[in-house]
Amino acid sequence: MRYRDRAQAGRELAAVLAELRDEGALPEPIVLALPRGGAAVAAEVARELPAPLDVLVVRKIGAPHHEEFGVGAITGDEPPFLDGETLAHLGLGAEALAPVVERERQELRRRERRYREGRPPPVLRGRTVIVVDDGLATGSTARAALRHVRGRGPARTVLAVPVGAPGSLDALAAEADLVVCPFRPAVFSSVGQWYDDFGQLTDADVLDALRGA
């Protein structure tokens with residue numbers, strides 16, 4: 001199984017969520033996309049349910065000199081979530097990541113200003129909050145996002161992704177009330193390997209998704 005692109009993946013994911021909605025499992029839903037990649041998927045989900053769509057900007061914290069290797073994530077003004085086991089394996093302390101955290105927080109704030117266009121953050125209290133990304137590899141960004149959401153008093157938290165690493169999905173079961181993922185390949189190296197078109201999205205793409213929804 002492979003997805004043609006994020007839009008098709010979003011429609012497949014939306015079909016699963018629509019069944020849960022019909023069963024009454026998703027009362028008063030709001031969809032939060034993890035941009036940039038999650039925005040195209042989340043737009044399809046929000047359209048199908050239907051539900052309001054907004055963004056939750058999360059930035060991955062990469063290891064020094066190996067930025068693609070995630071060791072944690074940040075969202076909002078909250079302290080970073082850091083994977084202690086991974087840091088210990090790499091022989092890194094939190095202080096070594098301080099420059100990376102600061103750089104990523106500046107980019108996080110820039111994206112929040114760009115995507116919100118003056119809108120305040122959505123009110124999540126009492127709602128079913130569906131956090132959507134285009135896939136789940138290590139799960140560090142999703143974990144930070146779910147913890148951020150849980151601190152804002154939702155009635156229920158749902159993590160929804162089209163494809164994910166089984167071990168990471170299992171590990172996040174304690175962070176969300178429900179984890180929805182229609183495709184869990186046993187052999188998983190990256191999210192992009194399960195898409196024919198996994199091109200990088202731009203800020204303009206995210207804005208188009210938000211405005212369209």
# chains A, B, ... in the order shown; residues from 1 in each chain; ligands from 1
call {"tool": "closest_atom_pairs", "arguments": {"of": "range 173-207 of chain A", "to": "range 125-141 of chain A", "cutoff": "8 Å", "atoms": "only C-alpha atoms", "output": "CSV"}}
result
residue,atom,partner,partner_atom,distance
A:Phe188,CA,A:Ala137,CA,7.9
A:Ser189,CA,A:Ala137,CA,7.7
A:Ser190,CA,A:Ala137,CA,6.2
A:Val191,CA,A:Gly135,CA,5.5
call {"tool": "select_by_dssp", "arguments": {"residues": "range 38-194 of chain A", "states": "strand (DSSP E)", "output": "ChimeraX atom specification"}}
result
/A:53-55,58-63,66-75,81-82,128-132,156-160,178-180
call {"tool": "closest_residue", "arguments": {"among": "A:Gly164, A:Gly192, A:Pro121, A:Gly10", "to": "Ala46 in chain A", "atoms": "only C-alpha atoms"}}
result
A:Gly10
call {"tool": "residues_around", "arguments": {"residues": "Val41 in chain A", "least_positions_apart": "4", "cutoff": "12 Å", "atoms": "only C-alpha atoms", "output": "VMD selection string"}}
result
chain A and resid 3 5 to 14 31 to 37 45 to 48 53 55 130 to 135 160 to 163 198 201 205 to 206 209 to 210 213
call {"tool": "atom_distance", "arguments": {"atom1": "CA of Tyr115 in chain A", "atom2": "CA of Arg211 in chain A"}}
result
10.0 Å
call {"tool": "atom_distance", "arguments": {"atom1": "CA of Val57 in chain A", "atom2": "CA of Thr75 in chain A"}}
result
6.3 Å
call {"tool": "closest_atom_pairs", "arguments": {"of": "range 26-75 of chain A", "to": "range 80-96 of chain A", "cutoff": "9 Å", "atoms": "only C-alpha atoms", "output": "Markdown table"}}
result
| residue | atom | partner | partner_atom | distance |
| --- | --- | --- | --- | --- |
| A:Ile61 | CA | A:Leu82 | CA | 8.1 |
| A:Ala63 | CA | A:Leu87 | CA | 8.6 |
| A:Pro64 | CA | A:Ala96 | CA | 7.8 |
| A:Gly70 | CA | A:Asp83 | CA | 8.8 |
| A:Val71 | CA | A:Asp83 | CA | 5.5 |
| A:Gly72 | CA | A:Leu82 | CA | 4.2 |
| A:Ala73 | CA | A:Phe81 | CA | 5.4 |
| A:Ile74 | CA | A:Pro80 | CA | 4.6 |
| A:Thr75 | CA | A:Pro80 | CA | 7.4 |
call {"tool": "closest_residue", "arguments": {"among": "A:Asp203, A:Phe183, A:Gly212, A:Leu49", "to": "Met1 in chain A", "atoms": "only C-alpha atoms"}}
result
A:Phe183
call {"tool": "atom_distance", "arguments": {"atom1": "CA of Pro185 in chain A", "atom2": "CA of Ala171 in chain A"}}
result
15.7 Å
call {"tool": "decode", "arguments": {"residues": "range 128-151 of chain A", "atoms": "N, CA and C atoms", "output": "mmCIF file, in the first residue's frame"}}
result
data_model
loop_
_atom_site.group_PDB
_atom_site.id
_atom_site.type_symbol
_atom_site.label_atom_id
_atom_site.label_comp_id
_atom_site.auth_asym_id
_atom_site.auth_seq_id
_atom_site.Cartn_x
_atom_site.Cartn_y
_atom_site.Cartn_z
ATOM 1 N N THR A 128 -13.325 17.626 21.011
ATOM 2 C CA THR A 128 -12.519 16.509 20.541
ATOM 3 C C THR A 128 -11.469 17.081 19.602
ATOM 4 N N VAL A 129 -10.222 17.028 20.014
ATOM 5 C CA VAL A 129 -9.138 17.629 19.234
ATOM 6 C C VAL A 129 -8.431 16.526 18.457
ATOM 7 N N ILE A 130 -8.467 16.644 17.128
ATOM 8 C CA ILE A 130 -7.854 15.651 16.246
ATOM 9 C C ILE A 130 -6.563 16.235 15.689
ATOM 10 N N VAL A 131 -5.435 15.719 16.152
ATOM 11 C CA VAL A 131 -4.118 16.179 15.706
ATOM 12 C C VAL A 131 -3.721 15.344 14.497
ATOM 13 N N VAL A 132 -3.433 16.012 13.376
ATOM 14 C CA VAL A 132 -3.195 15.318 12.108
ATOM 15 C C VAL A 132 -1.815 15.663 11.556
ATOM 16 N N ASP A 133 -1.078 14.639 11.145
ATOM 17 C CA ASP A 133 0.173 14.829 10.417
ATOM 18 C C ASP A 133 0.164 13.902 9.211
ATOM 19 N N ASP A 134 1.181 14.040 8.334
ATOM 20 C CA ASP A 134 1.209 13.193 7.138
ATOM 21 C C ASP A 134 1.825 11.832 7.403
ATOM 22 N N GLY A 135 2.315 11.605 8.603
ATOM 23 C CA GLY A 135 2.865 10.309 8.969
ATOM 24 C C GLY A 135 3.577 10.402 10.302
ATOM 25 N N LEU A 136 3.948 9.245 10.829
ATOM 26 C CA LEU A 136 4.597 9.195 12.132
ATOM 27 C C LEU A 136 5.817 8.291 12.048
ATOM 28 N N ALA A 137 6.971 8.873 12.327
ATOM 29 C CA ALA A 137 8.214 8.098 12.343
ATOM 30 C C ALA A 137 8.632 7.870 13.791
ATOM 31 N N THR A 138 9.395 8.788 14.364
ATOM 32 C CA THR A 138 9.816 8.627 15.763
ATOM 33 C C THR A 138 8.724 9.035 16.734
ATOM 34 N N GLY A 139 7.875 9.978 16.331
ATOM 35 C CA GLY A 139 6.773 10.409 17.184
ATOM 36 C C GLY A 139 7.083 11.563 18.108
ATOM 37 N N SER A 140 8.276 12.162 18.002
ATOM 38 C CA SER A 140 8.637 13.223 18.942
ATOM 39 C C SER A 140 7.779 14.469 18.754
ATOM 40 N N THR A 141 7.503 14.850 17.503
ATOM 41 C CA THR A 141 6.683 16.044 17.288
ATOM 42 C C THR A 141 5.232 15.790 17.696
ATOM 43 N N ALA A 142 4.728 14.609 17.395
ATOM 44 C CA ALA A 142 3.353 14.280 17.787
ATOM 45 C C ALA A 142 3.208 14.247 19.302
ATOM 46 N N ARG A 143 4.209 13.730 19.990
ATOM 47 C CA ARG A 143 4.147 13.675 21.452
ATOM 48 C C ARG A 143 4.088 15.080 22.040
ATOM 49 N N ALA A 144 4.940 15.974 21.539
ATOM 50 C CA ALA A 144 4.924 17.355 22.028
ATOM 51 C C ALA A 144 3.583 18.011 21.730
ATOM 52 N N ALA A 145 3.027 17.748 20.557
ATOM 53 C CA ALA A 145 1.741 18.332 20.184
ATOM 54 C C ALA A 145 0.627 17.839 21.100
ATOM 55 N N LEU A 146 0.590 16.553 21.356
ATOM 56 C CA LEU A 146 -0.473 15.994 22.199
ATOM 57 C C LEU A 146 -0.381 16.503 23.628
ATOM 58 N N ARG A 147 0.815 16.643 24.147
ATOM 59 C CA ARG A 147 0.966 17.167 25.508
ATOM 60 C C ARG A 147 0.526 18.616 25.582
ATOM 61 N N HIS A 148 0.823 19.367 24.537
ATOM 62 C CA HIS A 148 0.376 20.761 24.472
ATOM 63 C C HIS A 148 -1.156 20.812 24.474
ATOM 64 N N VAL A 149 -1.775 19.977 23.665
ATOM 65 C CA VAL A 149 -3.238 19.967 23.565
ATOM 66 C C VAL A 149 -3.869 19.546 24.883
ATOM 67 N N ARG A 150 -3.332 18.523 25.512
ATOM 68 C CA ARG A 150 -3.904 18.028 26.765
ATOM 69 C C ARG A 150 -3.892 19.087 27.860
ATOM 70 N N GLY A 151 -2.957 20.003 27.784
ATOM 71 C CA GLY A 151 -2.897 21.070 28.773
ATOM 72 C C GLY A 151 -3.956 22.134 28.595
#
